[in-house]
Amino acid sequence: MELNHIAIIMDGNRRYAKLKGLPSAMGHTMGVDALKRTVKACQKFNIKYLTVYAFSTENWKRTKEEVDFLMNLLGATIKNELNDLHFNNVKLKFIGNLSKLSENLQTILKEAEIKTKNNDGVHLQIAINYGGRDEIVNAVNNLLKTDKKEITEEEFENFLYTKNIPNPDLLVRTGGELRVSNFLLWQIAYSEIYVTEKFWPEFDEKELKLAINTFFERQRRYGK
């Protein structure tokens, strides 16, 4: 059994900050450190693909102050970490409806993709303004623009944001919630699911190893 792709719902930044008596912004900032640790752990454990849920289509419902902070944090993090990610052979890809982001942020993300496009280490997909239902509707709308009358599952996947990316073998959710929150609905059809009570800012190499060990204790039968 192989483990090539891990997807993570990075949940619990705000709850962790509240628990520690810190502002929510600090929780999000500590979440960035957790992602850096996780990317390095994936390198160590030879995980080829890592997809993380950074900002959902539903997250726009949060206060303007928090949304603005998250967008600024994302742009600043990519700019600050890009050279290090590139040096470590990480390939960046951003998935979701990016057209709703500011032009400046779109430029930052596109330049990061271009700079790292030839890297062949960990493939890091960051989902921004992403929703599983939105992705499927977007795929159908693009499909309707073609002359196809029928389509296979394999062909349909070419219209998804995750085109050419294998489906996740393992879906990890931090923060203890037992739901998938509109994340990769098509792609996780047969993913193993691992939930930890640890909040995302607490996540590290040890926690990732626990998730990986649990994965290899299971049997993937695909209906057989």
# chains A, B, ... in the order shown; residues from 1 in each chain; ligands from 1
call {"tool": "closest_atom_pairs", "arguments": {"of": "region 79-182 of chain A", "to": "region 67-70 of chain A", "cutoff": "12 Å", "atoms": "only C-alpha atoms", "output": "Markdown table"}}
result
| residue | atom | partner | partner_atom | distance |
| --- | --- | --- | --- | --- |
| A:Leu101 | CA | A:Asp68 | CA | 10.7 |
| A:Ser102 | CA | A:Asp68 | CA | 10.5 |
| A:Leu105 | CA | A:Leu70 | CA | 11.4 |
| A:Ile128 | CA | A:Leu70 | CA | 10.6 |
| A:Asn129 | CA | A:Val67 | CA | 11.1 |
call {"tool": "select_by_dssp", "arguments": {"residues": "region 10-208 of chain A", "states": "strand (DSSP E or B)", "output": "list in words"}}
result
Tyr49, Leu50, Thr51, Val52, Tyr53, Ala54, Phe55, Ser56, Lys91, Leu92, Lys93, Phe94, Ile95, His123, Leu124, Gln125, Ile126, Ala127, Ile128, Asn129, Tyr130, Leu170, Leu171, Val172, Arg173, Glu192, Ile193, Tyr194 and Val195 of chain A
call {"tool": "residues_around", "arguments": {"residues": "Ser191 (chain A)", "least_positions_apart": "3", "cutoff": "7 Å", "atoms": "only C-alpha atoms", "output": "MDAnalysis selection string"}}
result
chainID A and resid 168:171 188
call {"tool": "write_last_selection", "arguments": {"atoms": "N, CA, C and O atoms", "output": "mmCIF file, in the first residue's frame"}}
result
data_model
loop_
_atom_site.group_PDB
_atom_site.id
_atom_site.type_symbol
_atom_site.label_atom_id
_atom_site.label_comp_id
_atom_site.auth_asym_id
_atom_site.auth_seq_id
_atom_site.Cartn_x
_atom_site.Cartn_y
_atom_site.Cartn_z
ATOM 1 N N PRO A 168 -6.202 12.203 -3.056
ATOM 2 C CA PRO A 168 -5.558 11.974 -1.750
ATOM 3 C C PRO A 168 -5.752 10.534 -1.265
ATOM 4 O O PRO A 168 -6.846 9.984 -1.365
ATOM 5 N N ASP A 169 -4.695 9.968 -0.748
ATOM 6 C CA ASP A 169 -4.796 8.670 -0.084
ATOM 7 C C ASP A 169 -5.304 8.848 1.340
ATOM 8 O O ASP A 169 -6.021 8.002 1.862
ATOM 9 N N LEU A 170 -4.929 9.964 1.946
ATOM 10 C CA LEU A 170 -5.238 10.222 3.353
ATOM 11 C C LEU A 170 -5.721 11.656 3.535
ATOM 12 O O LEU A 170 -5.084 12.597 3.057
ATOM 13 N N LEU A 171 -6.866 11.798 4.203
ATOM 14 C CA LEU A 171 -7.385 13.115 4.567
ATOM 15 C C LEU A 171 -7.231 13.290 6.068
ATOM 16 O O LEU A 171 -7.754 12.494 6.852
ATOM 17 N N ILE A 188 -11.866 12.865 -2.582
ATOM 18 C CA ILE A 188 -11.690 12.048 -1.369
ATOM 19 C C ILE A 188 -12.659 10.864 -1.302
ATOM 20 O O ILE A 188 -12.843 10.277 -0.236
#
call {"tool": "atom_distance", "arguments": {"atom1": "CA of Asn13 (chain A)", "atom2": "CA of Ser56 (chain A)"}}
result
14.4 Å
call {"tool": "closest_atom_pairs", "arguments": {"of": "region 13-107 of chain A", "to": "region 133-149 of chain A", "cutoff": "12 Å", "atoms": "only C-alpha atoms", "output": "CSV"}}
result
residue,atom,partner,partner_atom,distance
A:Ser56,CA,A:Asp134,CA,10.2
A:Thr57,CA,A:Asp134,CA,8.1
A:Glu58,CA,A:Asp134,CA,10.6
A:Ile95,CA,A:Glu135,CA,9.4
A:Gly96,CA,A:Glu135,CA,7.1
A:Asn97,CA,A:Glu135,CA,8.0
A:Leu98,CA,A:Glu135,CA,11.6
call {"tool": "residues_around", "arguments": {"residues": "Asn89 (chain A)", "least_positions_apart": "2", "cutoff": "6 Å", "atoms": "only C-alpha atoms", "output": "number ranges by chain"}}
result
A: 86-87, 119, 121
call {"tool": "write_last_selection", "arguments": {"atoms": "all heavy atoms", "output": "PDB file, in the first residue's frame"}}
result
ATOM      1  N   HIS A  86      11.569  27.168  -2.820  1.00  0.00           N
ATOM      2  CA  HIS A  86      12.203  26.867  -4.105  1.00  0.00           C
ATOM      3  C   HIS A  86      13.533  26.143  -3.887  1.00  0.00           C
ATOM      4  O   HIS A  86      13.841  25.160  -4.581  1.00  0.00           O
ATOM      5  CB  HIS A  86      12.412  28.163  -4.875  1.00  0.00           C
ATOM      6  CG  HIS A  86      12.979  27.980  -6.247  1.00  0.00           C
ATOM      7  ND1 HIS A  86      12.473  27.054  -7.152  1.00  0.00           N
ATOM      8  CD2 HIS A  86      14.014  28.595  -6.887  1.00  0.00           C
ATOM      9  CE1 HIS A  86      13.169  27.118  -8.279  1.00  0.00           C
ATOM     10  NE2 HIS A  86      14.112  28.032  -8.127  1.00  0.00           N
ATOM     11  N   PHE A  87      14.309  26.611  -2.919  1.00  0.00           N
ATOM     12  CA  PHE A  87      15.595  25.975  -2.607  1.00  0.00           C
ATOM     13  C   PHE A  87      15.393  24.522  -2.193  1.00  0.00           C
ATOM     14  O   PHE A  87      16.223  23.662  -2.512  1.00  0.00           O
ATOM     15  CB  PHE A  87      16.289  26.750  -1.485  1.00  0.00           C
ATOM     16  CG  PHE A  87      17.589  26.137  -1.037  1.00  0.00           C
ATOM     17  CD1 PHE A  87      18.750  26.304  -1.770  1.00  0.00           C
ATOM     18  CD2 PHE A  87      17.652  25.368   0.129  1.00  0.00           C
ATOM     19  CE1 PHE A  87      19.952  25.715  -1.369  1.00  0.00           C
ATOM     20  CE2 PHE A  87      18.840  24.783   0.535  1.00  0.00           C
ATOM     21  CZ  PHE A  87      19.995  24.964  -0.217  1.00  0.00           C
ATOM     22  N   ASN A 119      10.199  22.286 -10.189  1.00  0.00           N
ATOM     23  CA  ASN A 119      10.645  21.535  -9.018  1.00  0.00           C
ATOM     24  C   ASN A 119       9.930  20.191  -8.964  1.00  0.00           C
ATOM     25  O   ASN A 119       8.772  20.064  -9.374  1.00  0.00           O
ATOM     26  CB  ASN A 119      10.381  22.326  -7.738  1.00  0.00           C
ATOM     27  CG  ASN A 119      11.246  23.570  -7.643  1.00  0.00           C
ATOM     28  OD1 ASN A 119      12.217  23.718  -8.378  1.00  0.00           O
ATOM     29  ND2 ASN A 119      10.890  24.479  -6.751  1.00  0.00           N
ATOM     30  N   GLY A 121      10.159  18.055  -6.006  1.00  0.00           N
ATOM     31  CA  GLY A 121      10.087  17.540  -4.640  1.00  0.00           C
ATOM     32  C   GLY A 121       8.636  17.442  -4.208  1.00  0.00           C
ATOM     33  O   GLY A 121       7.781  16.980  -4.965  1.00  0.00           O
TER      34      GLY A 121
END
call {"tool": "closest_residue", "arguments": {"among": "A:His5, A:Arg220, A:Lys93, A:Arg15", "to": "Thr174 (chain A)", "atoms": "only C-alpha atoms"}}
result
A:Arg15
call {"tool": "closest_residue", "arguments": {"among": "A:Val122, A:Ile165, A:Leu35, A:Leu208", "to": "Tyr53 (chain A)", "atoms": "only C-alpha atoms"}}
result
A:Leu35
call {"tool": "atom_distance", "arguments": {"atom1": "CA of Leu124 (chain A)", "atom2": "CA of Tyr49 (chain A)"}}
result
6.1 Å
call {"tool": "residues_around", "arguments": {"residues": "Phe203 (chain A)", "least_positions_apart": "3", "cutoff": "8 Å", "atoms": "only C-alpha atoms", "output": "list in words"}}
result
Ala34, Thr38, Thr174, Lys198, Phe199, Trp200, Lys206, Glu207 and Leu208 of chain A
call {"tool": "write_last_selection", "arguments": {"atoms": "N, CA, C and O atoms", "output": "short mmCIF file (atom, residue, chain, number, x, y, z; two decimals), in the first residue's frame"}}
result
data_model
loop_
_atom_site.label_atom_id
_atom_site.label_comp_id
_atom_site.auth_asym_id
_atom_site.auth_seq_id
_atom_site.Cartn_x
_atom_site.Cartn_y
_atom_site.Cartn_z
N ALA A 34 3.04 25.87 11.51
CA ALA A 34 2.65 24.46 11.45
C ALA A 34 2.74 23.94 10.03
O ALA A 34 3.14 22.79 9.80
N THR A 38 5.04 20.92 8.52
CA THR A 38 4.40 19.80 7.84
C THR A 38 5.02 19.55 6.47
O THR A 38 5.22 18.40 6.06
N THR A 174 -7.51 18.42 11.60
CA THR A 174 -7.12 18.79 12.96
C THR A 174 -8.30 19.44 13.67
O THR A 174 -9.29 19.81 13.05
N LYS A 198 -5.79 17.55 18.17
CA LYS A 198 -4.80 18.63 18.16
C LYS A 198 -5.26 19.76 17.24
O LYS A 198 -5.75 19.51 16.13
N PHE A 199 -5.12 21.00 17.70
CA PHE A 199 -5.41 22.13 16.84
C PHE A 199 -4.28 22.32 15.84
O PHE A 199 -3.14 21.90 16.08
N TRP A 200 -4.58 22.96 14.71
CA TRP A 200 -3.58 23.08 13.65
C TRP A 200 -2.27 23.71 14.12
O TRP A 200 -1.19 23.22 13.76
N LYS A 206 5.60 14.80 14.54
CA LYS A 206 5.12 13.68 15.34
C LYS A 206 3.66 13.38 15.03
O LYS A 206 3.28 12.21 14.88
N GLU A 207 2.83 14.41 14.93
CA GLU A 207 1.41 14.23 14.64
C GLU A 207 1.20 13.67 13.23
O GLU A 207 0.34 12.82 13.00
N LEU A 208 1.99 14.14 12.28
CA LEU A 208 1.88 13.63 10.92
C LEU A 208 2.27 12.16 10.88
O LEU A 208 1.63 11.35 10.20
#
call {"tool": "residues_around", "arguments": {"residues": "Ala189 (chain A)", "least_positions_apart": "2", "cutoff": "10 Å", "atoms": "only C-alpha atoms", "output": "MDAnalysis selection string"}}
result
chainID A and resid 167:169 184:187 191:192 222
call {"tool": "write_last_selection", "arguments": {"atoms": "N, CA and C atoms", "output": "tab-separated table (two decimals), in the first residue's frame"}}
result
chain	number	residue	atom	x	y	z
A	167	ASN	N	-5.55	11.65	-6.57
A	167	ASN	CA	-6.48	11.84	-5.46
A	167	ASN	C	-5.79	11.54	-4.13
A	168	PRO	N	-6.20	12.20	-3.06
A	168	PRO	CA	-5.56	11.97	-1.75
A	168	PRO	C	-5.75	10.53	-1.27
A	169	ASP	N	-4.70	9.97	-0.75
A	169	ASP	CA	-4.80	8.67	-0.08
A	169	ASP	C	-5.30	8.85	1.34
A	184	LEU	N	-12.48	19.01	-1.32
A	184	LEU	CA	-12.10	17.94	-2.24
A	184	LEU	C	-13.17	16.84	-2.30
A	185	LEU	N	-14.43	17.23	-2.47
A	185	LEU	CA	-15.53	16.27	-2.39
A	185	LEU	C	-15.40	15.16	-3.42
A	186	TRP	N	-15.00	15.48	-4.62
A	186	TRP	CA	-14.82	14.46	-5.65
A	186	TRP	C	-13.59	13.60	-5.33
A	187	GLN	N	-12.53	14.25	-4.94
A	187	GLN	CA	-11.23	13.58	-4.85
A	187	GLN	C	-11.10	12.64	-3.66
A	191	SER	N	-10.59	8.19	0.06
A	191	SER	CA	-9.49	8.55	0.97
A	191	SER	C	-9.75	7.99	2.36
A	192	GLU	N	-8.69	7.57	3.02
A	192	GLU	CA	-8.78	7.24	4.43
A	192	GLU	C	-8.84	8.55	5.22
A	222	TYR	N	-11.55	-0.63	-1.62
A	222	TYR	CA	-12.24	-0.03	-2.76
A	222	TYR	C	-13.50	-0.80	-3.16
call {"tool": "atom_distance", "arguments": {"atom1": "CA of Thr116 (chain A)", "atom2": "CA of Phe215 (chain A)"}}
result
29.5 Å
